[in-house]
Amino acid sequence: MAPIDRRGFVTAAGAAAAAVALNPQTAQALPGQGRAGTPSPTHTDGLAYDDEQDFADADRGFIAAFTGGAIKDKAGTTVWSTDAYGFLAEGGATPPKSVDRSLWRQARLLSRQGLYQVTERIYQVRGLDLSNMTIVEGETGIIVIDPLISAETAAAALGLYRAHRGDRAVKAMIYTHPHVDHFGGCRGVLPDGGTGIRVLAPQGFMEHAVSENVYAGPAMARRAAYMYGTQLPRGAAAQVGCGLGLTVSVGSVGLIAPTEYISESGQEVTLDGVRIRFQMTPGTECQEEMNFLFPDLRAVCMAENATHTMHNIITLRGAQVRDARAWAGHLTESIGLYAGKADVAFASHHWPTWGNDSIVALLAHQRDLYGYLHDQTVRLINRGMTAAEIAETLELPPALERVWANRGYYGSLSHNIKGIYQRYMGWFDGNPAHLWEHPPVEEARRYVACMGGQSAVRARADQYARKGDLRFAVTLLNHAVFNDPKDTRAKRRLAEVYTRLGQASENAVWRNFYLTGAQELTGGVTSGTDATLGADVYAALTVGQLIDGMAVRVNGPKAWGLSLAVDWHIGDEYWHLVLANGLLSHTTDGKPAPEAGLTMTMTKTQLLVMLSTKATTGITMTGDPRLLVKLLAVLDTADTHFAIVTP
């Protein structure tokens with residue numbers, strides 16, 4: 001690492017040394033690192049592969065591996081396989097030709113699994129899900145931080161800890177932020193719901209935890225299969241991880257509501273005799289997130305704000321754009337808060353960092369990474385450049401690029417720049433030619449016609465592929481497939497180019513997208529196993545959120561001719577639903593609406609049953625029940641297996 005001063009800034013001498021250490025002639029481009037261009041098998045030459053510190057840190061404190069084999073749900077379906085990534089350990093340090101050298105290094109680091117001691121009284125279970133479970137020993141029991149995605153993996157992780165540290169009772173649980181890999185396994189930690197157990201989360205946790213699964217959740221889940229490569233075989237020719245972890249578990253997702261919220265930086269809480277001081281970091285990796293210091297243990301949890309990869313400013317599965325400027329600002333604040341006060345920093349992913357100088361260096365390098373991306377992207381926006389142009393030309397300073405924790409394994413330079421552009425400028429680049437383009441199929445038909453037909457497009461694509469311009473070969477072949485999805489030769493050739501691009505990429509997410517696309521081009525879309533949202537996730541939705549979830553399912557054209565008003569009487573509230581002009585809107589107050597043609601008196605549980613099964617058992621109806629039938633009839637069912645690489 002380049003030398004860092006106590007304020008967390010790279011020294012001039014360190015920057016100069018780093019620039020010399022990285023030979024720009026050998027550090028060729030990839031999407032996500034250096035200049036965001038075509039990936040090359042040699043684009044990560046010049047990195048310090050002889051630096052073994054990450055491997056030492058990933059192995060430090062190892063107590064025991066999980067040896068229970070495949071983790072399965074009650075139906076016997078495998079939720080997580082501890083053996084699926086054995087090829088990474090067996091393959092050694094030299095990567096196969098099918099995996100980028102830098103990504104192979106990251107995947108080997110992530111393949112470590114088991115129980116580890118972080119410092120006195122703090123332990124982590126790693127490698128049993130996308131995220132880590134952290135366990136802090138208190139005076140009478142334990143505090144669990146971020147209970148993984150699935151109940152099954154969380155129970156296995158907690159079982160591993162107890163097998164080696166004793167059957168200590170859970171006294172408290174902390175969610176660092178409302179992404180599912182940090183709360184979904186809560187029922188594996190507290191199967192009975194944790195009555196009397198303190199559960200802490202950042203303010204706004206519940207709203208964000210459930211809303212993502214209601215509105216665009218089905219589309220996000222479909223794209224997440226590409227992002228994490230969940231349908232790909234595990235192996236050197238296919239899925240080798242996702243940069244942030246190996247993959248996602250596919251068990252039962254639960255949600256136990258917090259009992260108390262953290263709302264401001266500096267707030268201090270004592271859990272089972274352990275003092276914890278919080279730092280709020282809204283707008284970083286999540287809209288609501290928090291770091292926290294254990295002042296008596298000299299340890300700090302960085303949640304997902306400082307990991308051993310460039311993270312996502314915009315995630316390719318789909319999500320709201322994150323604020324790179326705020327992210328950098330909060331990391332500057334973290335440096336001030338934790339310099340001299342922590343001997344180890346651990347996070348919800350990856351491995352810890354020991355030594356205060358190394359902690360400050362990690363935070364500073366990540367701060368400079370996100371701050372540089374933000375400021376330079378905005379600078380180039382104001383020079384009139386488009387997102388694609390900025391992504392093609394913007395480079396990281398060598399002093400940042402050579403830092404292993406800044407490499408683009410999960411986020412990428414290319415798509416992060418486009419995310420920052422999107423945050424400020426939206427999808428439109430200002431060129432009128434791009435204002436009203438044809439949709440993919442219609443555009444493809446015209447391109448193919450202009451080029452002389454399918455065979456001409458395939459031939460041209462082959463020429464570009466032979467010259468190494470895989471990016472334009474993909475563009476041409478994609479047009480051929482969308483012009484004629486029955487053209488098996490075009491699909492096969494496109495799959496071959498996708499495979500070449502994927503296997504050359506340092507970014508695990510790009511690799512998974514390319515290889516999943518190749519797989520679906522040749523084998524079609526298959527239904528896969530996904531994590532199952534538990535009943536308590538839906539129960540956590542407010543009535544307003546449930547109505548909003550219905551509203552985005554209304555098939556507008558089918559509902560154009562309908563005009564109806566229905567009241568839902570739940571508890572002391574009347575929820576007034578109006579369907580008109582294809583829009584379902586709602587208001588609420590404490591009295592019935594005179595215009596309601598149907599009033600339904602029910603509990604929230606009965607409402608959930610009705611929305612999932614259309615059953616109205618136990619619901620009292622006054623008025624015309626046909627209005628409910630008409631309303632439910634215009635709700636679309638989401639397609640969770642829609643085509644992506646074909647029309």
# chains A, B, ... in the order shown; residues from 1 in each chain; ligands from 1
call {"tool": "select_by_dssp", "arguments": {"residues": "stretch 109-357 of chain A", "states": "strand (DSSP E)", "output": "ChimeraX atom specification"}}
result
/A:114-119,122-126,133-137,142-145,170-174,198-202,252-253,260-262,268-271,274-280,290-294,299-301,344-346,353-354
call {"tool": "write_last_selection", "arguments": {"atoms": "C-alpha atoms", "output": "CSV table (one decimal), in the first residue's frame"}}
result
chain,number,residue,atom,x,y,z
A,114,GLY,CA,-15.3,-21.5,8.9
A,115,LEU,CA,-15.2,-20.0,12.3
A,116,TYR,CA,-12.6,-17.3,12.9
A,117,GLN,CA,-11.6,-15.2,15.9
A,118,VAL,CA,-11.3,-11.5,15.0
A,119,THR,CA,-10.1,-10.3,18.4
A,122,ILE,CA,-15.4,-11.2,18.6
A,123,TYR,CA,-15.8,-14.1,16.1
A,124,GLN,CA,-16.9,-14.4,12.5
A,125,VAL,CA,-18.4,-17.2,10.5
A,126,ARG,CA,-17.3,-16.8,6.9
A,133,MET,CA,-22.1,-13.5,10.5
A,134,THR,CA,-20.3,-11.7,13.4
A,135,ILE,CA,-20.7,-12.9,17.0
A,136,VAL,CA,-19.7,-10.8,20.0
A,137,GLU,CA,-19.5,-12.5,23.4
A,142,ILE,CA,-23.8,-13.3,22.6
A,143,ILE,CA,-24.7,-10.5,20.2
A,144,VAL,CA,-25.2,-11.6,16.6
A,145,ILE,CA,-24.4,-9.0,13.8
A,170,VAL,CA,-28.5,-14.9,21.9
A,171,LYS,CA,-29.0,-11.7,23.9
A,172,ALA,CA,-29.2,-9.2,21.1
A,173,MET,CA,-29.0,-8.9,17.3
A,174,ILE,CA,-27.8,-6.0,15.1
A,198,ARG,CA,-33.1,-6.6,21.7
A,199,VAL,CA,-32.8,-6.1,17.9
A,200,LEU,CA,-31.1,-2.9,16.7
A,201,ALA,CA,-31.1,-1.4,13.3
A,202,PRO,CA,-30.6,2.0,11.6
A,252,SER,CA,-35.9,-19.2,3.8
A,253,VAL,CA,-35.8,-15.4,4.2
A,260,GLU,CA,-35.0,-0.1,18.8
A,261,TYR,CA,-33.4,2.1,16.2
A,262,ILE,CA,-30.2,4.0,15.9
A,268,GLU,CA,-24.0,4.7,22.4
A,269,VAL,CA,-25.7,1.5,23.5
A,270,THR,CA,-24.7,-1.2,25.9
A,271,LEU,CA,-25.8,-4.7,24.9
A,274,VAL,CA,-20.7,-4.5,25.7
A,275,ARG,CA,-20.4,-0.8,24.8
A,276,ILE,CA,-21.1,0.1,21.2
A,277,ARG,CA,-20.8,3.6,19.6
A,278,PHE,CA,-22.6,4.1,16.3
A,279,GLN,CA,-21.8,6.2,13.2
A,280,MET,CA,-24.7,6.8,10.8
A,290,MET,CA,-24.3,2.3,10.1
A,291,ASN,CA,-20.8,1.6,11.3
A,292,PHE,CA,-20.0,1.0,14.9
A,293,LEU,CA,-17.1,1.0,17.3
A,294,PHE,CA,-16.5,-1.3,20.3
A,299,ALA,CA,-12.7,-3.0,17.2
A,300,VAL,CA,-14.8,-1.4,14.5
A,301,CYS,CA,-17.5,-2.8,12.3
A,344,VAL,CA,-9.1,-4.3,14.0
A,345,ALA,CA,-11.7,-3.4,11.4
A,346,PHE,CA,-14.2,-6.1,10.3
A,353,THR,CA,-7.9,-5.6,8.6
A,354,TRP,CA,-5.6,-5.5,11.6
call {"tool": "residues_around", "arguments": {"residues": "stretch 610-619 of chain A", "least_positions_apart": "2", "cutoff": "12 Å", "atoms": "only C-alpha atoms", "output": "ChimeraX atom specification"}}
result
/A:535,538-539,543,546-547,549-550,553,568-570,599-608,621-622,625,628-633,635,637
call {"tool": "write_last_selection", "arguments": {"atoms": "N, CA and C atoms", "output": "short mmCIF file (atom, residue, chain, number, x, y, z; two decimals), in the first residue's frame"}}
result
data_model
loop_
_atom_site.label_atom_id
_atom_site.label_comp_id
_atom_site.auth_asym_id
_atom_site.auth_seq_id
_atom_site.Cartn_x
_atom_site.Cartn_y
_atom_site.Cartn_z
N ALA A 535 -43.07 -15.56 5.61
CA ALA A 535 -44.31 -14.82 5.86
C ALA A 535 -44.06 -13.54 6.63
N TYR A 538 -43.50 -10.41 4.44
CA TYR A 538 -44.74 -9.80 3.95
C TYR A 538 -45.52 -9.15 5.08
N ALA A 539 -45.48 -9.77 6.26
CA ALA A 539 -46.20 -9.21 7.40
C ALA A 539 -45.62 -7.87 7.82
N VAL A 543 -49.93 -1.54 5.38
CA VAL A 543 -51.07 -1.65 4.47
C VAL A 543 -50.86 -0.76 3.26
N LEU A 546 -48.62 -2.51 0.87
CA LEU A 546 -49.34 -3.59 0.18
C LEU A 546 -50.19 -3.03 -0.96
N ILE A 547 -50.83 -1.90 -0.73
CA ILE A 547 -51.63 -1.29 -1.80
C ILE A 547 -50.72 -0.80 -2.92
N GLY A 549 -47.96 -2.10 -3.72
CA GLY A 549 -47.56 -3.31 -4.44
C GLY A 549 -48.62 -3.77 -5.41
N MET A 550 -49.89 -3.61 -5.04
CA MET A 550 -50.98 -3.91 -5.96
C MET A 550 -50.99 -2.93 -7.13
N ARG A 553 -49.01 -3.61 -10.09
CA ARG A 553 -49.42 -4.82 -10.81
C ARG A 553 -50.67 -4.59 -11.67
N TRP A 568 -61.16 -0.64 2.68
CA TRP A 568 -60.63 -1.71 3.53
C TRP A 568 -60.65 -1.18 4.96
N HIS A 569 -61.42 -1.79 5.81
CA HIS A 569 -61.50 -1.39 7.21
C HIS A 569 -60.61 -2.34 8.02
N ILE A 570 -59.46 -1.82 8.43
CA ILE A 570 -58.47 -2.63 9.15
C ILE A 570 -58.13 -1.90 10.44
N THR A 599 -67.31 -2.28 1.23
CA THR A 599 -66.49 -2.11 2.43
C THR A 599 -66.13 -3.49 2.96
N MET A 600 -64.82 -3.71 3.15
CA MET A 600 -64.32 -5.01 3.61
C MET A 600 -63.69 -4.79 4.99
N THR A 601 -64.22 -5.46 5.98
CA THR A 601 -63.67 -5.38 7.34
C THR A 601 -62.86 -6.64 7.60
N MET A 602 -61.58 -6.43 7.92
CA MET A 602 -60.68 -7.59 8.04
C MET A 602 -59.47 -7.22 8.87
N THR A 603 -58.70 -8.24 9.22
CA THR A 603 -57.41 -8.03 9.88
C THR A 603 -56.33 -7.96 8.80
N LYS A 604 -55.14 -7.50 9.19
CA LYS A 604 -54.05 -7.45 8.23
C LYS A 604 -53.66 -8.86 7.77
N THR A 605 -53.73 -9.83 8.67
CA THR A 605 -53.44 -11.21 8.30
C THR A 605 -54.40 -11.71 7.24
N GLN A 606 -55.69 -11.41 7.40
CA GLN A 606 -56.68 -11.81 6.40
C GLN A 606 -56.43 -11.11 5.07
N LEU A 607 -55.95 -9.86 5.13
CA LEU A 607 -55.61 -9.15 3.90
C LEU A 607 -54.46 -9.84 3.18
N LEU A 608 -53.43 -10.24 3.93
CA LEU A 608 -52.29 -10.93 3.31
C LEU A 608 -52.74 -12.23 2.65
N MET A 621 -68.00 -8.40 4.28
CA MET A 621 -68.19 -7.52 3.13
C MET A 621 -69.57 -6.87 3.19
N THR A 622 -69.58 -5.57 2.99
CA THR A 622 -70.82 -4.81 2.90
C THR A 622 -70.83 -4.08 1.57
N PRO A 625 -69.74 -7.34 -3.69
CA PRO A 625 -68.49 -8.11 -3.68
C PRO A 625 -67.89 -8.28 -5.08
N LEU A 628 -64.59 -6.39 -5.78
CA LEU A 628 -63.32 -7.03 -5.42
C LEU A 628 -62.86 -7.96 -6.54
N VAL A 629 -63.79 -8.71 -7.10
CA VAL A 629 -63.46 -9.61 -8.21
C VAL A 629 -62.89 -8.82 -9.38
N LYS A 630 -63.52 -7.71 -9.71
CA LYS A 630 -63.05 -6.88 -10.82
C LYS A 630 -61.66 -6.31 -10.54
N LEU A 631 -61.44 -5.89 -9.28
CA LEU A 631 -60.13 -5.33 -8.93
C LEU A 631 -59.03 -6.39 -9.04
N LEU A 632 -59.27 -7.54 -8.46
CA LEU A 632 -58.24 -8.60 -8.50
C LEU A 632 -58.01 -9.11 -9.93
N ALA A 633 -59.03 -9.00 -10.78
CA ALA A 633 -58.90 -9.53 -12.15
C ALA A 633 -57.95 -8.72 -13.01
N LEU A 635 -55.06 -7.44 -11.93
CA LEU A 635 -53.70 -7.48 -11.39
C LEU A 635 -52.87 -8.50 -12.16
N THR A 637 -49.61 -10.94 -12.89
CA THR A 637 -48.65 -11.75 -12.15
C THR A 637 -47.28 -11.54 -12.76
#
call {"tool": "closest_residue", "arguments": {"among": "A:Ala224, A:Ser585, A:Ala154, A:Thr475", "to": "A:Gln545", "atoms": "only C-alpha atoms"}}
result
A:Ser585
call {"tool": "select_by_dssp", "arguments": {"residues": "stretch 59-203 of chain A", "states": "alpha helix (DSSP H)", "output": "PyMOL selection string"}}
result
chain A and resi 59+86-91+101-110+151-165+186-189
call {"tool": "residues_around", "arguments": {"residues": "A:Arg105", "least_positions_apart": "6", "cutoff": "9 Å", "atoms": "only C-alpha atoms", "output": "PyMOL selection string"}}
result
chain A and resi 49+93-95
call {"tool": "closest_residue", "arguments": {"among": "A:Phe87, A:Val481, A:Gln53, A:Thr640", "to": "A:Pro233", "atoms": "only C-alpha atoms"}}
result
A:Phe87
call {"tool": "closest_residue", "arguments": {"among": "A:Glu442, A:Glu392, A:Asp50, A:Asp462", "to": "A:Phe482", "atoms": "only C-alpha atoms"}}
result
A:Glu442
call {"tool": "residues_around", "arguments": {"residues": "A:Leu583", "least_positions_apart": "5", "cutoff": "10 Å", "atoms": "only C-alpha atoms", "output": "list in words"}}
result
Ala551, Val552, Val554, Asn555, Gly556, Ala559, Trp560, Leu562, Ser563 and Val578 of chain A
call {"tool": "closest_residue", "arguments": {"among": "A:Glu333, A:Glu389, A:Glu212, A:Asp484", "to": "A:Arg445", "atoms": "only C-alpha atoms"}}
result
A:Asp484
call {"tool": "atom_distance", "arguments": {"atom1": "atom CA of A:Leu577", "atom2": "atom CA of A:Asp639"}}
result
25.4 Å
call {"tool": "residues_around", "arguments": {"residues": "A:Asn132", "least_positions_apart": "2", "cutoff": "8 Å", "atoms": "only C-alpha atoms", "output": "MDAnalysis selection string"}}
result
chainID A and resid 124:130 134 146:148 347:350
call {"tool": "write_last_selection", "arguments": {"atoms": "N, CA and C atoms", "output": "PDB file, in the first residue's frame"}}
result
ATOM      1  N   GLN A 124     -16.184 -14.449  13.784  1.00  0.00           N
ATOM      2  CA  GLN A 124     -16.943 -14.408  12.536  1.00  0.00           C
ATOM      3  C   GLN A 124     -17.057 -15.801  11.946  1.00  0.00           C
ATOM      4  N   VAL A 125     -18.210 -16.069  11.335  1.00  0.00           N
ATOM      5  CA  VAL A 125     -18.366 -17.245  10.482  1.00  0.00           C
ATOM      6  C   VAL A 125     -18.402 -16.741   9.056  1.00  0.00           C
ATOM      7  N   ARG A 126     -17.458 -17.201   8.247  1.00  0.00           N
ATOM      8  CA  ARG A 126     -17.345 -16.767   6.859  1.00  0.00           C
ATOM      9  C   ARG A 126     -17.506 -17.956   5.925  1.00  0.00           C
ATOM     10  N   GLY A 127     -17.954 -17.663   4.713  1.00  0.00           N
ATOM     11  CA  GLY A 127     -18.023 -18.690   3.685  1.00  0.00           C
ATOM     12  C   GLY A 127     -19.231 -19.588   3.746  1.00  0.00           C
ATOM     13  N   LEU A 128     -20.253 -19.240   4.567  1.00  0.00           N
ATOM     14  CA  LEU A 128     -21.492 -20.019   4.588  1.00  0.00           C
ATOM     15  C   LEU A 128     -22.643 -19.265   3.955  1.00  0.00           C
ATOM     16  N   ASP A 129     -22.345 -18.134   3.331  1.00  0.00           N
ATOM     17  CA  ASP A 129     -23.357 -17.351   2.617  1.00  0.00           C
ATOM     18  C   ASP A 129     -22.609 -16.230   1.913  1.00  0.00           C
ATOM     19  N   LEU A 130     -23.332 -15.366   1.232  1.00  0.00           N
ATOM     20  CA  LEU A 130     -22.702 -14.223   0.584  1.00  0.00           C
ATOM     21  C   LEU A 130     -22.012 -13.328   1.607  1.00  0.00           C
ATOM     22  N   THR A 134     -21.201 -12.112  12.292  1.00  0.00           N
ATOM     23  CA  THR A 134     -20.281 -11.744  13.360  1.00  0.00           C
ATOM     24  C   THR A 134     -20.952 -12.002  14.700  1.00  0.00           C
ATOM     25  N   ASP A 146     -25.669  -9.201  11.727  1.00  0.00           N
ATOM     26  CA  ASP A 146     -25.953  -9.572  10.336  1.00  0.00           C
ATOM     27  C   ASP A 146     -26.083 -11.087  10.146  1.00  0.00           C
ATOM     28  N   PRO A 147     -27.285 -11.631  10.367  1.00  0.00           N
ATOM     29  CA  PRO A 147     -27.512 -13.075  10.346  1.00  0.00           C
ATOM     30  C   PRO A 147     -27.711 -13.681   8.952  1.00  0.00           C
ATOM     31  N   LEU A 148     -26.890 -13.310   7.977  1.00  0.00           N
ATOM     32  CA  LEU A 148     -26.861 -13.944   6.653  1.00  0.00           C
ATOM     33  C   LEU A 148     -28.194 -13.789   5.909  1.00  0.00           C
ATOM     34  N   ALA A 347     -15.890  -6.343   8.616  1.00  0.00           N
ATOM     35  CA  ALA A 347     -17.039  -5.905   7.828  1.00  0.00           C
ATOM     36  C   ALA A 347     -17.996  -7.064   7.623  1.00  0.00           C
ATOM     37  N   SER A 348     -19.084  -6.782   6.961  1.00  0.00           N
ATOM     38  CA  SER A 348     -20.111  -7.798   6.727  1.00  0.00           C
ATOM     39  C   SER A 348     -19.772  -8.708   5.551  1.00  0.00           C
ATOM     40  N   HIS A 349     -18.662  -8.429   4.891  1.00  0.00           N
ATOM     41  CA  HIS A 349     -18.137  -9.278   3.825  1.00  0.00           C
ATOM     42  C   HIS A 349     -16.611  -9.293   3.947  1.00  0.00           C
ATOM     43  N   HIS A 350     -15.997 -10.286   3.321  1.00  0.00           N
ATOM     44  CA  HIS A 350     -14.535 -10.386   3.259  1.00  0.00           C
ATOM     45  C   HIS A 350     -13.897 -10.647   4.623  1.00  0.00           C
TER      46      HIS A 350
END
call {"tool": "closest_atom_pairs", "arguments": {"of": "stretch 147-217 of chain A", "to": "stretch 236-251 of chain A", "cutoff": "10 Å", "atoms": "only C-alpha atoms", "output": "Markdown table"}}
result
| residue | atom | partner | partner_atom | distance |
| --- | --- | --- | --- | --- |
| A:Leu148 | CA | A:Ser249 | CA | 8.7 |
| A:Ile149 | CA | A:Ser249 | CA | 6.5 |
| A:Ser150 | CA | A:Gly251 | CA | 4.8 |
| A:Ala151 | CA | A:Gly251 | CA | 6.6 |
| A:Glu152 | CA | A:Gly251 | CA | 6.2 |
| A:Thr153 | CA | A:Ser249 | CA | 7.4 |
| A:Ala154 | CA | A:Gly251 | CA | 10.0 |
| A:Asp181 | CA | A:Val248 | CA | 8.1 |
| A:Gly184 | CA | A:Gly251 | CA | 9.2 |
| A:Gly185 | CA | A:Gly251 | CA | 8.6 |
call {"tool": "write_last_selection", "arguments": {"atoms": "N, CA and C atoms", "output": "PDB file, in the first residue's frame"}}
result
ATOM      1  N   LEU A 148     -26.890 -13.310   7.977  1.00  0.00           N
ATOM      2  CA  LEU A 148     -26.861 -13.944   6.653  1.00  0.00           C
ATOM      3  C   LEU A 148     -28.194 -13.789   5.909  1.00  0.00           C
ATOM      4  N   ILE A 149     -28.365 -14.558   4.816  1.00  0.00           N
ATOM      5  CA  ILE A 149     -29.560 -14.436   3.967  1.00  0.00           C
ATOM      6  C   ILE A 149     -30.668 -15.377   4.407  1.00  0.00           C
ATOM      7  N   SER A 150     -30.289 -16.629   4.706  1.00  0.00           N
ATOM      8  CA  SER A 150     -31.282 -17.684   4.905  1.00  0.00           C
ATOM      9  C   SER A 150     -31.225 -18.241   6.320  1.00  0.00           C
ATOM     10  N   ALA A 151     -32.370 -18.662   6.808  1.00  0.00           N
ATOM     11  CA  ALA A 151     -32.428 -19.262   8.144  1.00  0.00           C
ATOM     12  C   ALA A 151     -31.534 -20.493   8.230  1.00  0.00           C
ATOM     13  N   GLU A 152     -31.474 -21.247   7.146  1.00  0.00           N
ATOM     14  CA  GLU A 152     -30.709 -22.496   7.166  1.00  0.00           C
ATOM     15  C   GLU A 152     -29.209 -22.249   7.316  1.00  0.00           C
ATOM     16  N   THR A 153     -28.669 -21.291   6.554  1.00  0.00           N
ATOM     17  CA  THR A 153     -27.234 -21.010   6.662  1.00  0.00           C
ATOM     18  C   THR A 153     -26.913 -20.325   7.985  1.00  0.00           C
ATOM     19  N   ALA A 154     -27.829 -19.464   8.450  1.00  0.00           N
ATOM     20  CA  ALA A 154     -27.602 -18.791   9.729  1.00  0.00           C
ATOM     21  C   ALA A 154     -27.565 -19.797  10.872  1.00  0.00           C
ATOM     22  N   ASP A 181     -29.076  -9.802   2.663  1.00  0.00           N
ATOM     23  CA  ASP A 181     -27.983 -10.643   3.158  1.00  0.00           C
ATOM     24  C   ASP A 181     -27.521 -10.223   4.546  1.00  0.00           C
ATOM     25  N   GLY A 184     -31.901 -11.551   6.456  1.00  0.00           N
ATOM     26  CA  GLY A 184     -32.790 -12.629   6.024  1.00  0.00           C
ATOM     27  C   GLY A 184     -32.701 -13.909   6.830  1.00  0.00           C
ATOM     28  N   GLY A 185     -31.528 -14.185   7.437  1.00  0.00           N
ATOM     29  CA  GLY A 185     -31.368 -15.423   8.201  1.00  0.00           C
ATOM     30  C   GLY A 185     -31.737 -15.304   9.666  1.00  0.00           C
TER      31      GLY A 185
END
